[in-house]
Every structure is written in structure tokens, then in C-alpha cells.
Amino acid sequence: MPGVPHPIDRPSSGPITSQFGRSQAPDYLKGLNEEQREAVLTIDGPLLVLAGAGTGKTRVLTTRIAHILTTKRAWPSEILSVTFTNKAAREMKERIGHLVGSGVEGMPWLGTFHSIGARILRRHAELVGLRSDFTILDTDDQIRLIKQLLDAENIDEKRWPARQFAGMMDTWKNRGLLPRDVSPADSGSYANGRGAKLYGDYQARLKVLNAADFGDLLLENIRLFREYPDVLADYHRRFKYMLVDEYQDSNVAQYLWLRLLAQGKPASEANICVVGDDDQSIYGWRGAEVDNILRFEKDFPGARVIKLERNYRSTGNILKAASSVIAFNEDRLGKTLHNDTVEKGELLSVTSLWDSEEEARTVGDEIENYQRQGEPLNSMAILVRASHQMRSFEERFITLGLNYRVIGGPRFYERKEIRDAIAYLRVVSNPSDGLSFERIVNVPKRGLGDSTVQILYNASRSANVSLLAATRMLLETEELKPKQRTTLRELVAQFDHWSARLQSLPHWELAQQILDESGYTAMWQADKSPDAPGRLENLKELVRSMEDFETLGGFLEHISLVMDRDTAEAEDAVSIMTLHSAKGLEFDTVFLPGWEEGLFPSQRTMDESGRAGLEEERRLAYVGITRARKRARLSVAQNRRINGLWQSAIPSRFLDELPADAVEVKDTGSSYGGYGYGGGASSRFNKADPFESVYETPGWQRARNQQANRKSAGPLTIEGDLVARSVDLGNDRSAFGLGERVFHLKFGYGAIIDIEGNKLSIEFEKAGRKKVLESFIKKA
DNA sequence: TCGCCCTATATAAGG
DNA sequence: TATAGGGCGA
């Protein structure tokens, strides 16, 4: 039972060094370097561990927990240990298990912020207006709920999209704001100032539905702790140690939550250890506040700060390149990675290519080369900035017959068929779950359309009962058309049958029956679309995975909170993923394509967040490079088709920030117009002037000059460089006129036939009619 | 109510 | 270019 008081057998506290002399050091401390060891052994009081990429951060966290357990300073149930992802939590559990042996039961309070928040919320649900079996809504449910509210408020969903509002509420909840805390300014940016009111309505609706969204899992915790100090005090007594992973990714709500939980002791004595790396903070757009890590020492006065800078992952050149790029950022605590090996390793390579197809071909060739040299595909990865870049690689690898796997992308449980199946199960498990009932009432098609559902809704509202209960009532009246009434009667009867069988059947068998008897399986069997077999396969997988859970309730909790499916790594395959999802991973060889201004750094981020945005992009570059153990191969495509139109691009400024002596510039010889770089890595790396090109080859210079020409409409300054491309000269007046003869790098000569803002329709002499951006056109 | 066609839109993504 | 969602006609 968690939380049962027990005597703790405390070792006499003395100086750390004397506590474990060299000879009696326990096994788990062996192989740690000095800083790591210190981070593990500094147990009492606040501690900030700044852990650079590849410095053994997870090892420190897990060893620290093992140390606390082995020295019996706390039971597993007295350690609160939070991560951001399920994957990280799983990994930690596993590694702690290895360290302390099988003797210790799993740690009940090791998990993601959300899973722990949900756990706490279920214990005290009544205090915040929920029942302990509340449903956790995902984004999809959320949107549908918002749409209902907008409908009720007569707000035009086209003018004010539900998605947008969901995003706003997410932001508010990330900042720890309740409806009453939302500022008029924030509220005003949606539906003519009705934002805060809608937020309030939404929260009220959730309580009626006995549901919470992801944001609530923390927000309601905060409310609970603030309104019920005795509940909070109980957790203060319970948690003797707190550990937080990836602290740089925490948002305001998470920060508040942690601070409340840490308040059991004076701040200077709090046993809280946070681990993070300000240089790897790449989730600002998701509400993360780097400031949390930057001000840790203020929040917890007297905190120890330990920097882990010794890197065990990458070669000297890779570290040098990564350090050099990240040094261009101003907002950082300042760490420098180093390693002990003299080995500098291979140079990083930068290759400029004609377009994304050539980029994919080149990467494909290189991969096959490495493969011939005996390197497994599993040791190689392609890391892209935006998911649309993946396509050309996938296409190329399919033609080559090269095994690849895409990491990330649509997650298992977000698939339509899985969500439908879960909706059925949720209704069986919790008949008052109206959103789920609504989702599947007409799936498969039963002839119950919008108007029928509307009738059900109205009845449910006016009688203040759940949708299913309202349906039962309506079956006794004449309100529904006979056909619909019969159909609904059958459906309700089916649900009754299934609910009854919940006691007598294993839940996975019941699930299979539900899918079959409801006609859901048949629906996909009859579907002739190419993805139907895959969906049926997914459904089987779902039913199979249910066997791992004791109860249906347990399974549903898991599926709400644990969204990731373990990626099967059995097969040898190249990984393709975004830079964001690569954080925490490592590969021998890393391909970094698409280092072009506008794509990486992303124009949108720079437009929206200015210098801070650029710095976050640069951290992303840092994350990308530091994923490589032995090799980093970067590339630039001069032309890229984005949203159907061709854009020509110039090399990313981040390339100029690489140290020239760690980089080799490749000339593929196939580039148009001498864009290739003639003579290998060049001369000089000048940190004082970040915007001066470091590569003095002719091709590079030409590319740079092109950039200058393109911006000639505005003043060209160094500051201007950061924001230059947000200057859109096309919006009110175009530099071109109708009928004018122009030249495009890829399509050649043509005449302008239409101008919309900065998009020009051009009839090309050879290439036909195309829409292109004005900035890629020159007067002929 | 269903289904097709048209049009609007387009980072990154955890729980 | 690809897709998703809404509108409208049968």
C-alpha cells in the first residue's frame, strides 16, 4: 500500500566522499564520472543537473533513484519522478529495475506529468466536481465538444474555427489559467471577446460529461492543491524525493504543480532534483518555458548546480560543430561539450543539390554505400525539419527497395478505426459517455444522421441526462421516426447485452464480439479502399493488446494516456523522423537534409517569434547534429516544391555557423549553374561576424549573392538578415506587371498572366503554366 | 441521409 | 500537390 508510514533506516550523514570510499562503492556507482557521481550522491536539498547532449543524463537519474532506494532513504512509493513521455518513463523503470534487482516493486509515482496528474485526480475527483471514473478526452473529442458549444452560442464556425479555440485553451491551460484568469486581451482574440466565457462553458460541460481533457489533468490538480491544503499536505508527507526529467520542456502549469508539491519544506531544503539542458529546449511553441530552468536557483535558493559536459556519444568534429552552432545563441546558461578521445573522426559534410529528388537520390546512394561497408541500416537516420520532407526519401527508398521506417506520424490510437472501437468500449464501460456514443451511433451507417442525433441531444439537454439515457426515454415516445426508433432500440439493446457480458467474458473477447456484432468489422471488410486491410489488422492488434490488461477500465486508462506504440525494431531499417522526435535518440550516421533558409530555420517560427524563434531553431540544429555518433551529413536543396509551387532556396545560415575545419563541402558536379562548391572546406571561421560566409568557394558566393539580390528591395543590414524574409513586398504592389517577360531558375522564360499578392501565374515557354512566388522570378 | 465534388489549406507534437 | 471537410444535389 503506498504511503504507509514506516521506519527508515538512515545511514549516518557525512561527507559524500567518505560515505562511499573507492573500495566500498556500491556496484551501481561504478563507471560514473566525477560529476555524474556527484549528481547521484547529492541527495538532500535542491539540485539542478545541467546535462548536455550525450552526457549520461538518464543514467544519472536512474542511478540516483537506485541510490535512494538502496540506502533506504525512501520506499519506491515515496519517490515522485516525472517525465514528459511514456517512453522516457518506461525506460527509467526498466533501468531502475536492472540497477536494484527484482527486489523492489515498480515505482507507483514514476510516470508522465499527465499520468501522475490523472492518478492524483482520480483519488480526489469529487473535490473538483468529477467522479473517479471520469473520461479523459483527447483532441478529437475536444473539438467535437467545442463545435457543440459554438453551435449553441450561434458562433460561426467558419469565422472562428473550433481548432483555433482548442489551441487557445491549450495555451491557457499550459499557463495554468482558469477561465476567470484569462485576460480580456486574450479572451478578445476569439469570437469577439467571448473566449473566456466559452472556456468557462467548456469547463462546465466537461463536469457534466464527467470528463477531463489533458490540460485539466494538471490544472485541476493545481486547483485541488490550492483549495484543499490538507490534500496537498498529504502529498508533502508522501513524497520524500522529487525528480524531474527534461526540465527545460516544462510549462507554467507543470512548474506550478511541481512547486506546490515541493512546498512541504522550505525551498532551500526541498529534495527536488531537476535535470535538463537549456540548449535542447525545442518546445517553446508548445508552451515550454526555458525560464523555468534558468531561474531554478532563484526558486530554490542554495540549490546545487552540477554541469555534465563530458560527452560519451560523438566524435570531436561533431561536438565541435554542434558547440560552434549553439554558441551563436545568446539566451543560454553556457555549457561546452567535450570528450576525452583524441579522435576527431570524420568531417561533417555539406552537400548542395539541385532539388529534393536529387537530395533523396544522394542520401539513398550513401546509405547503400555504408550498407555495403557492413553498417546496419538501424544505425542510420534521416532527420528532417518538416514532415513533408519525408516524402521524397520514402519514394526514393521504395524504388531502391531500401528498408525504412518512419518514426512519429499518426499514432496508433489516433487512427479512425481504433478511436471508433474505443468509443464502443467506452460506452460499454461508462454508459454516460455521450461523446463516445455520438461518435459511433451511426458508425457503421445505420441511417441515424445529424437530425436524429440533434433530437437525442435536445432531449439529453432538457432532461439533463446522458445521451444514452435520453435515447432510452425517446424510445418510449413518438418523437422519432419509426425507422430510426427501431434502429436505436436495437442499438441500445445491443449495448445492454454487451454491458451484461462484461462480467462473464474476458474483456478482449467481449471487444471482439462488439466489433463483430455491431457490424463494425463487416464495414471495413466491405470497404474496397487500399487501407481497409490495414485497418482490420489494427483492430486485431487492438484486441490482442487488451489481453495485457486486467480490466477494461485499466485498458481504457492506458489508451487515453499512453499514446505511443512500441516501434518494432526487429527489422533492419533506416529511420526517418523529424528533428523534434529525434531528441533523446542517437545514431552512428545522421543525415540532415533541407538546411535551407525558410525551411530550416523555419520562416514561420522567425516571423512569429523573432530572435527567440531563431534561437529555438538553432537549438534544433544543435539537437540534430548531436544525434550523430560518428557522422553527420548535411545537405541543401536549391529548389523544393512546397504546397505545389516551386521555391528556390539559399543555404541555411546555420551552415555558416559551422566551423570550417570540421566540415567538408562536397561537390556533386550535377548541380545546375555551378551551384556546387568547388574546392572542399575552406579557409576561415569567423565567429565575430556570424553573417559573413565562411565558405569562399565560387558556388557558395553565388548563392550568397543571389540572396542579397533577392532582398535588394529593402535595406540590407545584419539585423535585417534575421527578419528579411518577412518583408513581403508583394502584398500591396508587385514589382512586376502583367504581361511582363520574366526568368525563373527552373522553368526558364515566360510571361506573367496573373498576379495575386506575391504569387504570380506565369505562362512559361517550355514548362507551361505555373504559379510561383514573386521572389523567385527575375525580369528577363 | 448519403455521397460526391469542390475548395480551402498547408511546422514541429507530447499527454 | 495532397488532403480534409463542407456544401449541395439526388
# chains A, B, ... in the order shown; residues from 1 in each chain; ligands from 1
$ closest_atom_pairs --of "chain B" --to "segment 5-9 of chain C" --cutoff "12 Å" --atoms "only C-alpha atoms (C1' of nucleotides)" --output "CSV"
residue,atom,partner,partner_atom,distance
B:DC2,C1',C:DG9,C1',10.7
B:DG3,C1',C:DG9,C1',9.9
B:DC4,C1',C:DG9,C1',9.4
B:DC5,C1',C:DC8,C1',9.4
B:DC6,C1',C:DG7,C1',8.9
B:DT7,C1',C:DG6,C1',9.1
B:DA8,C1',C:DG5,C1',9.2
B:DT9,C1',C:DG5,C1',10.8
$ interface_residues --of "chain A" --to "chain C" --cutoff "10 Å" --atoms "only C-alpha atoms (C1' of nucleotides)" --output "list in words"
Lys158, Arg641, Ile642, Asn643, Gly644 and Leu645 of chain A
$ interface_residues --of "chain A" --to "chain B" --cutoff "7 Å" --atoms "only C-alpha atoms (C1' of nucleotides)" --output "list in words"
Phe84, Thr85, His114, Phe214, Ala386, Gly447, Gly449, Leu561, His580 and Asn643 of chain A
$ write_last_selection --atoms "C-alpha atoms" --output "PDB file, in the first residue's frame"
ATOM      1  CA  PHE A  84       7.316  14.064 -20.374  1.00  0.00           C
ATOM      2  CA  THR A  85       6.879  10.987 -22.455  1.00  0.00           C
ATOM      3  CA  HIS A 114      -0.213  13.593 -17.115  1.00  0.00           C
ATOM      4  CA  PHE A 214      -5.231  16.628 -20.962  1.00  0.00           C
ATOM      5  CA  ALA A 386       9.168  19.359 -41.572  1.00  0.00           C
ATOM      6  CA  GLY A 447     -29.435   5.667 -41.094  1.00  0.00           C
ATOM      7  CA  GLY A 449     -27.991  11.170 -39.307  1.00  0.00           C
ATOM      8  CA  LEU A 561      -2.694   8.316 -21.523  1.00  0.00           C
ATOM      9  CA  HIS A 580      11.776  17.065 -32.798  1.00  0.00           C
ATOM     10  CA  ASN A 643       2.498  23.205 -51.496  1.00  0.00           C
TER      11      ASN A 643
END
$ atom_distance --atom1 "atom CA of Leu480 of chain A" --atom2 "atom CA of Ser518 of chain A"
21.5 Å
$ select_by_dssp --residues "segment 216-327 of chain A" --states "alpha helix (DSSP H)" --output "PyMOL selection string"
chain A and resi 216-227+229-238+252-262+290-294+296-299+316-326
$ write_last_selection --atoms "C-alpha atoms" --output "compact mmCIF listing (two decimals), in the first residue's frame"
# COMPACT_ATOMS: atom_id res chain seq x y z
CA ASP A 216 -7.16 19.52 -16.85
CA LEU A 217 -5.11 16.64 -15.57
CA LEU A 218 -2.65 19.21 -14.28
CA LEU A 219 -4.84 22.27 -13.99
CA GLU A 220 -7.39 20.53 -11.79
CA ASN A 221 -4.55 19.20 -9.69
CA ILE A 222 -3.33 22.72 -9.12
CA ARG A 223 -6.82 23.85 -8.20
CA LEU A 224 -7.18 20.88 -5.88
CA PHE A 225 -3.89 21.57 -4.12
CA ARG A 226 -4.72 25.23 -3.71
CA GLU A 227 -8.24 24.74 -2.45
CA PRO A 229 -4.32 22.31 1.68
CA ASP A 230 -4.85 19.15 3.69
CA VAL A 231 -4.81 17.09 0.49
CA LEU A 232 -1.62 18.81 -0.57
CA ALA A 233 -0.10 18.25 2.86
CA ASP A 234 -0.80 14.57 2.46
CA TYR A 235 1.34 14.51 -0.67
CA HIS A 236 4.02 16.54 1.05
CA ARG A 237 4.27 13.77 3.62
CA ARG A 238 4.20 11.12 0.98
CA VAL A 252 3.97 27.10 -16.42
CA ALA A 253 1.29 24.68 -15.25
CA GLN A 254 3.84 21.94 -14.71
CA TYR A 255 6.06 24.39 -12.91
CA LEU A 256 3.24 25.44 -10.58
CA TRP A 257 2.32 21.84 -9.94
CA LEU A 258 5.89 20.94 -9.02
CA ARG A 259 6.30 23.98 -6.84
CA LEU A 260 3.14 23.21 -4.90
CA LEU A 261 4.34 19.68 -4.32
CA ALA A 262 7.75 20.88 -3.24
CA VAL A 290 13.02 27.75 -20.70
CA ASP A 291 12.83 30.33 -18.00
CA ASN A 292 11.86 27.58 -15.57
CA ILE A 293 15.29 26.06 -15.78
CA LEU A 294 17.04 29.41 -15.95
CA PHE A 296 15.71 27.31 -10.73
CA GLU A 297 18.38 28.72 -8.45
CA LYS A 298 16.11 31.61 -7.57
CA ASP A 299 13.14 29.36 -6.85
CA GLY A 316 35.41 15.51 -31.74
CA ASN A 317 34.34 17.06 -35.01
CA ILE A 318 30.67 16.54 -34.33
CA LEU A 319 30.95 18.08 -30.89
CA LYS A 320 32.93 20.95 -32.29
CA ALA A 321 30.35 21.63 -34.95
CA ALA A 322 27.45 21.43 -32.52
CA SER A 323 29.15 23.67 -29.99
CA SER A 324 30.05 26.17 -32.63
CA VAL A 325 26.47 26.50 -33.86
CA ILE A 326 24.87 26.73 -30.44
$ atom_distance --atom1 "atom CA of Leu145 of chain A" --atom2 "atom CA of Arg205 of chain A"
8.5 Å
$ select_by_dssp --residues "segment 335-561 of chain A" --states "strand (DSSP E or B)" --output "list in words"
His338, Leu348, Ser349, Val350, Thr351, Ser352, Leu353, Trp354, Asp355, Met380, Ala381, Ile382, Leu383, Val384, Tyr404, Arg405 and Val406 of chain A
$ write_last_selection --atoms "all heavy atoms" --output "compact mmCIF listing (two decimals), in the first residue's frame"
# COMPACT_ATOMS: atom_id res chain seq x y z
N HIS A 338 32.58 18.43 -24.24
CA HIS A 338 33.91 17.99 -24.64
C HIS A 338 33.96 16.50 -24.41
O HIS A 338 33.12 15.92 -23.72
CB HIS A 338 34.99 18.69 -23.82
CG HIS A 338 34.83 18.46 -22.35
ND1 HIS A 338 35.31 17.35 -21.71
CD2 HIS A 338 34.22 19.21 -21.39
CE1 HIS A 338 35.02 17.43 -20.43
NE2 HIS A 338 34.34 18.54 -20.21
N LEU A 348 32.28 16.57 -40.90
CA LEU A 348 30.87 16.68 -41.30
C LEU A 348 30.87 17.02 -42.78
O LEU A 348 31.81 17.66 -43.26
CB LEU A 348 30.18 17.80 -40.52
CG LEU A 348 29.79 17.52 -39.07
CD1 LEU A 348 31.00 17.62 -38.17
CD2 LEU A 348 28.72 18.50 -38.62
N SER A 349 29.84 16.64 -43.47
CA SER A 349 29.81 17.03 -44.88
C SER A 349 28.60 17.89 -45.17
O SER A 349 27.55 17.74 -44.56
CB SER A 349 29.80 15.79 -45.77
OG SER A 349 28.54 15.19 -45.74
N VAL A 350 28.80 18.82 -46.08
CA VAL A 350 27.70 19.66 -46.55
C VAL A 350 27.63 19.52 -48.06
O VAL A 350 28.63 19.73 -48.74
CB VAL A 350 27.92 21.15 -46.20
CG1 VAL A 350 26.79 21.99 -46.77
CG2 VAL A 350 28.02 21.34 -44.71
N THR A 351 26.49 19.11 -48.56
CA THR A 351 26.34 18.92 -49.99
C THR A 351 25.21 19.78 -50.52
O THR A 351 24.13 19.82 -49.91
CB THR A 351 26.02 17.45 -50.31
OG1 THR A 351 26.91 16.62 -49.59
CG2 THR A 351 26.16 17.17 -51.79
N SER A 352 25.44 20.46 -51.60
CA SER A 352 24.38 21.25 -52.19
C SER A 352 23.86 20.52 -53.42
O SER A 352 24.63 20.04 -54.24
CB SER A 352 24.91 22.62 -52.59
OG SER A 352 23.89 23.33 -53.25
N LEU A 353 22.54 20.43 -53.52
CA LEU A 353 21.96 19.63 -54.59
C LEU A 353 20.88 20.43 -55.29
O LEU A 353 20.40 21.43 -54.78
CB LEU A 353 21.38 18.36 -53.99
CG LEU A 353 22.46 17.54 -53.31
CD1 LEU A 353 21.94 16.81 -52.11
CD2 LEU A 353 23.10 16.59 -54.31
N TRP A 354 20.53 19.94 -56.48
CA TRP A 354 19.59 20.70 -57.28
C TRP A 354 18.20 20.79 -56.66
O TRP A 354 17.63 21.84 -56.50
CB TRP A 354 19.53 20.11 -58.70
CG TRP A 354 18.47 20.74 -59.53
CD1 TRP A 354 17.38 20.15 -60.06
CD2 TRP A 354 18.42 22.11 -59.92
NE1 TRP A 354 16.63 21.06 -60.74
CE2 TRP A 354 17.25 22.28 -60.69
CE3 TRP A 354 19.24 23.23 -59.69
CZ2 TRP A 354 16.87 23.50 -61.22
CZ3 TRP A 354 18.86 24.45 -60.24
CH2 TRP A 354 17.68 24.58 -60.99
N ASP A 355 17.65 19.65 -56.31
CA ASP A 355 16.32 19.68 -55.69
C ASP A 355 16.16 18.51 -54.72
O ASP A 355 17.10 17.75 -54.51
CB ASP A 355 15.22 19.66 -56.75
CG ASP A 355 15.27 18.41 -57.60
OD1 ASP A 355 16.03 17.48 -57.25
OD2 ASP A 355 14.56 18.34 -58.62
N MET A 380 21.47 4.20 -38.93
CA MET A 380 21.39 5.41 -39.73
C MET A 380 20.00 6.05 -39.62
O MET A 380 19.00 5.37 -39.51
CB MET A 380 21.66 5.10 -41.20
CG MET A 380 23.05 4.53 -41.43
SD MET A 380 23.33 4.23 -43.16
CE MET A 380 23.63 2.47 -43.13
N ALA A 381 19.99 7.37 -39.67
CA ALA A 381 18.71 8.07 -39.58
C ALA A 381 18.73 9.33 -40.43
O ALA A 381 19.78 9.93 -40.64
CB ALA A 381 18.40 8.43 -38.13
N ILE A 382 17.56 9.68 -40.91
CA ILE A 382 17.38 10.93 -41.64
C ILE A 382 16.49 11.82 -40.79
O ILE A 382 15.38 11.44 -40.43
CB ILE A 382 16.71 10.66 -42.99
CG1 ILE A 382 17.64 9.78 -43.83
CG2 ILE A 382 16.42 11.96 -43.72
CD1 ILE A 382 16.95 9.12 -44.97
N LEU A 383 17.00 12.98 -40.45
CA LEU A 383 16.25 13.88 -39.57
C LEU A 383 15.85 15.14 -40.33
O LEU A 383 16.69 15.88 -40.81
CB LEU A 383 17.10 14.27 -38.35
CG LEU A 383 17.78 13.12 -37.63
CD1 LEU A 383 18.54 13.64 -36.40
CD2 LEU A 383 16.78 12.05 -37.21
N VAL A 384 14.56 15.35 -40.44
CA VAL A 384 14.06 16.47 -41.23
C VAL A 384 13.39 17.51 -40.34
O VAL A 384 12.99 17.22 -39.21
CB VAL A 384 13.03 15.99 -42.28
CG1 VAL A 384 13.67 15.04 -43.27
CG2 VAL A 384 11.84 15.33 -41.60
N TYR A 404 12.99 1.11 -44.72
CA TYR A 404 12.99 2.30 -43.87
C TYR A 404 11.80 2.25 -42.94
O TYR A 404 10.86 1.51 -43.15
CB TYR A 404 12.93 3.57 -44.72
CG TYR A 404 11.62 3.78 -45.42
CD1 TYR A 404 10.59 4.48 -44.78
CD2 TYR A 404 11.39 3.28 -46.69
CE1 TYR A 404 9.37 4.68 -45.41
CE2 TYR A 404 10.18 3.48 -47.31
CZ TYR A 404 9.17 4.17 -46.67
OH TYR A 404 7.97 4.36 -47.29
N ARG A 405 11.86 3.04 -41.88
CA ARG A 405 10.68 3.18 -41.04
C ARG A 405 10.53 4.65 -40.67
O ARG A 405 11.51 5.35 -40.44
CB ARG A 405 10.75 2.27 -39.80
CG ARG A 405 11.58 2.82 -38.68
CD ARG A 405 11.66 1.87 -37.49
NE ARG A 405 13.08 1.68 -37.16
CZ ARG A 405 13.70 0.53 -37.19
NH1 ARG A 405 13.06 -0.57 -37.50
NH2 ARG A 405 14.98 0.47 -36.90
N VAL A 406 9.30 5.08 -40.67
CA VAL A 406 9.00 6.46 -40.29
C VAL A 406 8.63 6.48 -38.82
O VAL A 406 7.73 5.76 -38.40
CB VAL A 406 7.85 7.03 -41.15
CG1 VAL A 406 7.45 8.41 -40.64
CG2 VAL A 406 8.28 7.11 -42.60
